[in-house]
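To start, the structure under review is shown below, and the notes come after it.
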Amino acid sequence: MTFLARAKDRHLLAACRAACVLVPPGVEDAPLPVIEVADPYLGVAIIHTYLLARPFVATGVHKTATIGADCHIPSQVSIGPNVVLGDRVRLGTRTRLDAGVVLGDDVVLGDDCWLKANVTIAHATMLGHRVIVDSGTVIGSDGYGYTPDQTGHFHKRPQVGIVRIEDDVEIGACCCIDRATFGETVIGAGTKIDNLVQIAHNVVVGANSLLIAQVAIAGSTTLGRNVIMAGAAKSTGHIHIGDRAQIAAGSAVHHNIAAGAVVAGMPAFEAKRWLKTSAVYQRLPEMYSELKTLRAEVAALKARHTEGGHND
Amino acid sequence: MTFLARAKDRHLLAACRAACVLVPPGVEDAPLPVIEVADPYLGVAIIHTYLLARPFVATGVHKTATIGADCHIPSQVSIGPNVVLGDRVRLGTRTRLDAGVVLGDDVVLGDDCWLKANVTIAHATMLGHRVIVDSGTVIGSDGYGYTPDQTGHFHKRPQVGIVRIEDDVEIGACCCIDRATFGETVIGAGTKIDNLVQIAHNVVVGANSLLIAQVAIAGSTTLGRNVIMAGAAKSTGHIHIGDRAQIAAGSAVHHNIAAGAVVAGMPAFEAKRWLKTSAVYQRLPEMYSELKTLRAEVAALKARHTEGGHND
Amino acid sequence: MTFLARAKDRHLLAACRAACVLVPPGVEDAPLPVIEVADPYLGVAIIHTYLLARPFVATGVHKTATIGADCHIPSQVSIGPNVVLGDRVRLGTRTRLDAGVVLGDDVVLGDDCWLKANVTIAHATMLGHRVIVDSGTVIGSDGYGYTPDQTGHFHKRPQVGIVRIEDDVEIGACCCIDRATFGETVIGAGTKIDNLVQIAHNVVVGANSLLIAQVAIAGSTTLGRNVIMAGAAKSTGHIHIGDRAQIAAGSAVHHNIAAGAVVAGMPAFEAKRWLKTSAVYQRLPEMYSELKTLRAEVAALKARHTEGGHND
């Protein structure tokens, strides 16, 4: 089974050897079996997920795992080799912890979480249901907070808050999500995070947002729902990025962003304007020369006028 | 106990329910107990650290740890599950190594170091006293050095130097600090490094510097004391960034930076100028149109002059 | 033994205390023993590698390692403490796996691979011969693929492809290389990757390319041979970067790049032009003022002409 994303590509069906094709509205007289759906891309994601789903297999707790005191571990879990749980850890049912995962004291996981090999979750972090975390990611690392004294030495501010990850969040590989100074750093339900993303202390990301690879969000910034930060986009701290805002790849947000705004650039401004601006940018050397020429020409014109004036 | 950062916010004290507030000079007639200090931010960091400090508890060496030959391990240590020490490792007193930490051969740690879960320290790396390293960080990875031959194949240059981390350094999660080609890569005393920071081979960072998340410093660059590189700032290799210089977030330094300079942009220049420049940048499309209009107007004026000349 | 990179620095040889110096052509009457080679930099890399090479020592499988079912493990291997192999893993001869390495099910490694401590290789990943992977790196993490439904919730697209790493590739610390949605993500033979690099699903990197620290390449982009992406350079998805193209540090590529092109900027364009453009960029505030002045002067000239016209 495959899919055709756009009706205008329907001529491609002639060469297709799939048993069945999901097609968008507007494909008629197809040369092979088709199923019309509103959004073939979505349809194939749902169908592939259904076809590829494997039932959870509970392998229990591997003999090399180290389990702390007073942990709550349901019977239906798969805890791999060398996994380490601190004290008072609470796991949900059907938890899968791959080899080398480390959970600190007082970590709480909802049902159906899957933490891949070598993930580190520091103490008191809370994960909701169906959270997936890919390898190498660190959740609950200390926030970055220091205060200088008069001699230029920095004093650490204790980071006593936690990280709370809501339901259906997926987090890629080698990400860092720092615990709050006080209170919580929060990743909202359904948000999907790519690899190598940095979330600083006290950041709150709303539901169903997308944070693509190498995004970084500085401390105490809040994001609304369905925000998209494209690859390597950055946000300064202590601002708000409104619902459905989109930050272009490689851009840097320095001020509050209104709901629904689409911005680009460093610092970021309206993306449509940025497209024009970055096109003009390439012509700066010519603009500079022309300005110089015009300056000379205007000076010459003024001089002739002045001469003209004298002649009057 | 809480704190008031600025005297001008003293009206907020009326609604405060803390038992005591650290306040800056200039707060009179406070409605609750206050302690006046020169810098409430610093004061609260020191007091919180004092109140939250837990005495070191030596749990010894966990039974799942693997210890190489000829290691020096004091009696007062806490070595967690699955920690691996190579040969000839020397630990200071009150060392805390959390689960999954790996130290290569000949690593030396000072007193009171704390390496969090899944930190990797490669062979011959030296850490001073009171160094904290957060999870996922790698210290002593190979420097990136290759030389092409005539056929376009790259030959590795052996990286035989080390990394030396001085006293009171704190390093965040998922950072990479490469060993030197020859000699040392150095992180100076009291420097604080955030998450996902890249330090290339032979870099020397001076004392009490701040490197915020996603900073990258290319090979052989040296930083003075009390330098600040804000989030995602980059430096090219083989340059010097002077004492107390500040590099703005997202900026890229291509040349030597003088002591005390504050720079921004890519490539970076004086930050005050950059602020003006980036404001004008947004108006480039209008500047381009206006230049076109002026060009036409000046051409028309010149033509009239020429006509005028003919008319003379 | 040391080397002199450039003949014009030959005066430095007088103070040199090495036993022997590799020198380029054009160094005559040297005050100490020299060996003339076409490229001293390359020569010293080859000689140092030869002198520093240590024969592979097979220590076997450490007693704390966990080996899955039906694995193929040659007699000549060194598998360190807490290494975990899934089922059906096939290792080449002289494989070195340092402490804490995790290989998922069906991983295949060629001969002479060296994976350093805490590397994670997910299921079905294939590595060629002589591949080196530094600590903290994750290969085979899930690609980032989600599709929204009408309610704004994201559905995961299963990532059923693999990662294939060809011979003689070296990968630094804390990198992420995602598995393909379908098919393969490929790193071509002889390519060298620095630290904290992000390679998305279905990317194909050609042979002998260099990807410096913090590079990121979005999904389905293909690179030719001998491409150089300098530090923190980014590429958007679904484009092609031609053979021998060079992308400057901190630049972002938004369109196909021709073979041999050298580009810079965000979005990137010809590097020579970018150098001029970024120099003019710093003068934008003056250009803006001058444009304003010229506008007033041209308006005044026009007014005088018009007056002049009335006076006629």
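A note on labels: chains of the structure tokens are A, B, ... as shown, every chain counts residues from 1, and ligands are counted from 1 in their shown order.
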
### Message
Env of B:Arg17: 10 Å cut, atoms = only C-alpha atoms, seq-sep filter 6 positions within chain, self excluded. Answer as a PyMOL selection string.
### Response
chain B and resi 1-2+32

How close does each residue of chain B get to chain A, giving the shortest atom pair and distance in Å to one decimal for every residue with an atom at most 6 Å away, counting only C-alpha atoms, sorted by chain and residue number, as a tab-separated table?
```
residue	atom	partner	partner_atom	distance
B:Leu42	CA	A:Thr147	CA	5.6
B:Ala45	CA	A:Arg157	CA	4.7
B:Thr49	CA	A:Pro158	CA	6.0
B:Leu284	CA	A:Thr277	CA	5.6
B:Pro285	CA	A:Thr277	CA	5.6
```

### Task
Could you please write out, as a ChimeraX atom specification, every residue of stretch 39-170 of chain A that DSSP assigns to helix (DSSP H, G or I)?
/A:40-52

### Message
Report as a list in words all protein, DNA and RNA residues lying within 7 Å of C:Pro33, evaluated on only C-alpha atoms, omitting residues in the same chain fewer than 4 positions from it.
### Response
Ala19, Cys20 and Val21 of chain C

### Residue contacts of C:Arg164 (12 Å, only C-alpha atoms) excluding same-chain residues fewer than 6 positions away, as a PyMOL selection string
chain C and resi 107-110+121-129+131+139-140+177-180+183-189+201-205

### Task
Tell me, in Å to one decimal, how far atom CA of C:Cys113 is from atom CA of C:Ser78.
10.6 Å

Residues of stretch 177-293 of chain A in strand (DSSP E) according to DSSP, as a PDB file with N, CA and C atoms, in the first residue's frame?
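Result file is part-v6.pdb:
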```pdb
ATOM      1  N   ILE A 177      16.495  18.859  28.582  1.00  0.00           N
ATOM      2  CA  ILE A 177      15.378  19.625  29.146  1.00  0.00           C
ATOM      3  C   ILE A 177      15.696  19.857  30.614  1.00  0.00           C
ATOM      4  N   ASP A 178      15.956  21.127  30.941  1.00  0.00           N
ATOM      5  CA  ASP A 178      16.428  21.467  32.290  1.00  0.00           C
ATOM      6  C   ASP A 178      15.282  21.574  33.289  1.00  0.00           C
ATOM      7  N   GLU A 184       8.041  24.385  37.715  1.00  0.00           N
ATOM      8  CA  GLU A 184       8.120  23.349  36.695  1.00  0.00           C
ATOM      9  C   GLU A 184       8.578  23.871  35.333  1.00  0.00           C
ATOM     10  N   THR A 185       9.372  23.085  34.644  1.00  0.00           N
ATOM     11  CA  THR A 185       9.535  23.190  33.195  1.00  0.00           C
ATOM     12  C   THR A 185       8.508  22.223  32.615  1.00  0.00           C
ATOM     13  N   VAL A 186       7.717  22.678  31.609  1.00  0.00           N
ATOM     14  CA  VAL A 186       6.604  21.849  31.136  1.00  0.00           C
ATOM     15  C   VAL A 186       6.665  21.661  29.619  1.00  0.00           C
ATOM     16  N   ILE A 187       6.473  20.424  29.162  1.00  0.00           N
ATOM     17  CA  ILE A 187       6.277  20.142  27.738  1.00  0.00           C
ATOM     18  C   ILE A 187       4.836  19.662  27.586  1.00  0.00           C
ATOM     19  N   LYS A 192       5.930  17.381  19.827  1.00  0.00           N
ATOM     20  CA  LYS A 192       6.941  16.486  19.259  1.00  0.00           C
ATOM     21  C   LYS A 192       8.264  17.241  19.142  1.00  0.00           C
ATOM     22  N   ILE A 193       9.308  16.699  19.714  1.00  0.00           N
ATOM     23  CA  ILE A 193      10.614  17.356  19.767  1.00  0.00           C
ATOM     24  C   ILE A 193      11.619  16.501  19.012  1.00  0.00           C
ATOM     25  N   GLN A 198      17.373  22.116  22.952  1.00  0.00           N
ATOM     26  CA  GLN A 198      17.683  22.622  24.290  1.00  0.00           C
ATOM     27  C   GLN A 198      16.478  23.380  24.843  1.00  0.00           C
ATOM     28  N   ILE A 199      15.983  22.924  25.990  1.00  0.00           N
ATOM     29  CA  ILE A 199      14.875  23.598  26.675  1.00  0.00           C
ATOM     30  C   ILE A 199      15.394  24.020  28.047  1.00  0.00           C
ATOM     31  N   VAL A 204       7.820  26.812  29.347  1.00  0.00           N
ATOM     32  CA  VAL A 204       6.560  26.078  29.233  1.00  0.00           C
ATOM     33  C   VAL A 204       6.203  26.013  27.748  1.00  0.00           C
ATOM     34  N   VAL A 205       6.165  24.798  27.205  1.00  0.00           N
ATOM     35  CA  VAL A 205       5.794  24.603  25.804  1.00  0.00           C
ATOM     36  C   VAL A 205       4.346  24.106  25.790  1.00  0.00           C
ATOM     37  N   LEU A 210       5.679  21.790  17.621  1.00  0.00           N
ATOM     38  CA  LEU A 210       6.768  21.070  16.952  1.00  0.00           C
ATOM     39  C   LEU A 210       8.069  21.838  17.157  1.00  0.00           C
ATOM     40  N   LEU A 211       9.056  21.184  17.720  1.00  0.00           N
ATOM     41  CA  LEU A 211      10.370  21.806  17.914  1.00  0.00           C
ATOM     42  C   LEU A 211      11.373  20.964  17.139  1.00  0.00           C
ATOM     43  N   ALA A 216      16.581  25.935  20.327  1.00  0.00           N
ATOM     44  CA  ALA A 216      16.927  26.229  21.718  1.00  0.00           C
ATOM     45  C   ALA A 216      15.972  27.295  22.242  1.00  0.00           C
ATOM     46  N   ILE A 217      15.455  27.080  23.433  1.00  0.00           N
ATOM     47  CA  ILE A 217      14.540  28.036  24.066  1.00  0.00           C
ATOM     48  C   ILE A 217      15.128  28.413  25.416  1.00  0.00           C
ATOM     49  N   THR A 222       7.575  31.118  27.347  1.00  0.00           N
ATOM     50  CA  THR A 222       6.407  30.257  27.235  1.00  0.00           C
ATOM     51  C   THR A 222       5.937  30.211  25.778  1.00  0.00           C
ATOM     52  N   LEU A 223       5.514  29.028  25.363  1.00  0.00           N
ATOM     53  CA  LEU A 223       4.964  28.846  24.012  1.00  0.00           C
ATOM     54  C   LEU A 223       3.501  28.460  24.138  1.00  0.00           C
ATOM     55  N   ILE A 228       5.201  26.172  15.894  1.00  0.00           N
ATOM     56  CA  ILE A 228       6.247  25.454  15.166  1.00  0.00           C
ATOM     57  C   ILE A 228       7.542  26.264  15.221  1.00  0.00           C
ATOM     58  N   MET A 229       8.575  25.668  15.794  1.00  0.00           N
ATOM     59  CA  MET A 229       9.914  26.264  15.699  1.00  0.00           C
ATOM     60  C   MET A 229      10.717  25.345  14.784  1.00  0.00           C
ATOM     61  N   LYS A 234      15.871  29.753  17.447  1.00  0.00           N
ATOM     62  CA  LYS A 234      16.209  30.032  18.843  1.00  0.00           C
ATOM     63  C   LYS A 234      15.201  31.031  19.414  1.00  0.00           C
ATOM     64  N   SER A 235      14.964  30.962  20.692  1.00  0.00           N
ATOM     65  CA  SER A 235      14.194  32.002  21.366  1.00  0.00           C
ATOM     66  C   SER A 235      14.951  32.489  22.583  1.00  0.00           C
ATOM     67  N   HIS A 240       6.890  35.460  25.343  1.00  0.00           N
ATOM     68  CA  HIS A 240       5.800  34.544  25.027  1.00  0.00           C
ATOM     69  C   HIS A 240       5.650  34.437  23.511  1.00  0.00           C
ATOM     70  N   ILE A 241       5.547  33.200  23.032  1.00  0.00           N
ATOM     71  CA  ILE A 241       5.312  32.930  21.615  1.00  0.00           C
ATOM     72  C   ILE A 241       3.895  32.378  21.514  1.00  0.00           C
ATOM     73  N   GLN A 246       4.740  30.524  13.948  1.00  0.00           N
ATOM     74  CA  GLN A 246       5.747  29.716  13.275  1.00  0.00           C
ATOM     75  C   GLN A 246       7.051  30.509  13.181  1.00  0.00           C
ATOM     76  N   ILE A 247       8.121  29.905  13.635  1.00  0.00           N
ATOM     77  CA  ILE A 247       9.437  30.551  13.613  1.00  0.00           C
ATOM     78  C   ILE A 247      10.264  29.809  12.562  1.00  0.00           C
ATOM     79  N   ALA A 252      15.921  33.746  15.042  1.00  0.00           N
ATOM     80  CA  ALA A 252      16.085  33.971  16.480  1.00  0.00           C
ATOM     81  C   ALA A 252      15.045  34.983  16.944  1.00  0.00           C
ATOM     82  N   VAL A 253      14.226  34.587  17.875  1.00  0.00           N
ATOM     83  CA  VAL A 253      13.138  35.429  18.365  1.00  0.00           C
ATOM     84  C   VAL A 253      13.620  36.203  19.581  1.00  0.00           C
ATOM     85  N   VAL A 262       3.977  34.511  11.596  1.00  0.00           N
ATOM     86  CA  VAL A 262       4.995  33.709  10.927  1.00  0.00           C
ATOM     87  C   VAL A 262       6.215  34.610  10.777  1.00  0.00           C
ATOM     88  N   VAL A 263       7.296  34.277  11.440  1.00  0.00           N
ATOM     89  CA  VAL A 263       8.456  35.171  11.495  1.00  0.00           C
ATOM     90  C   VAL A 263       9.723  34.469  11.043  1.00  0.00           C
ATOM     91  N   ALA A 264      10.685  35.298  10.611  1.00  0.00           N
ATOM     92  CA  ALA A 264      11.982  34.780  10.152  1.00  0.00           C
ATOM     93  C   ALA A 264      13.040  35.844  10.394  1.00  0.00           C
ATOM     94  N   GLY A 265      14.293  35.444  10.409  1.00  0.00           N
ATOM     95  CA  GLY A 265      15.400  36.386  10.548  1.00  0.00           C
ATOM     96  C   GLY A 265      15.990  36.405  11.941  1.00  0.00           C
ATOM     97  N   ALA A 268      14.101  38.042  14.508  1.00  0.00           N
ATOM     98  CA  ALA A 268      13.010  37.645  13.619  1.00  0.00           C
ATOM     99  C   ALA A 268      11.960  38.747  13.467  1.00  0.00           C
ATOM    100  N   PHE A 269      11.444  38.891  12.260  1.00  0.00           N
ATOM    101  CA  PHE A 269      10.286  39.752  11.990  1.00  0.00           C
ATOM    102  C   PHE A 269       9.414  39.025  10.976  1.00  0.00           C
ATOM    103  N   GLU A 270       8.386  39.709  10.479  1.00  0.00           N
ATOM    104  CA  GLU A 270       7.412  39.037   9.607  1.00  0.00           C
ATOM    105  C   GLU A 270       8.100  38.291   8.453  1.00  0.00           C
TER     106      GLU A 270
END
```
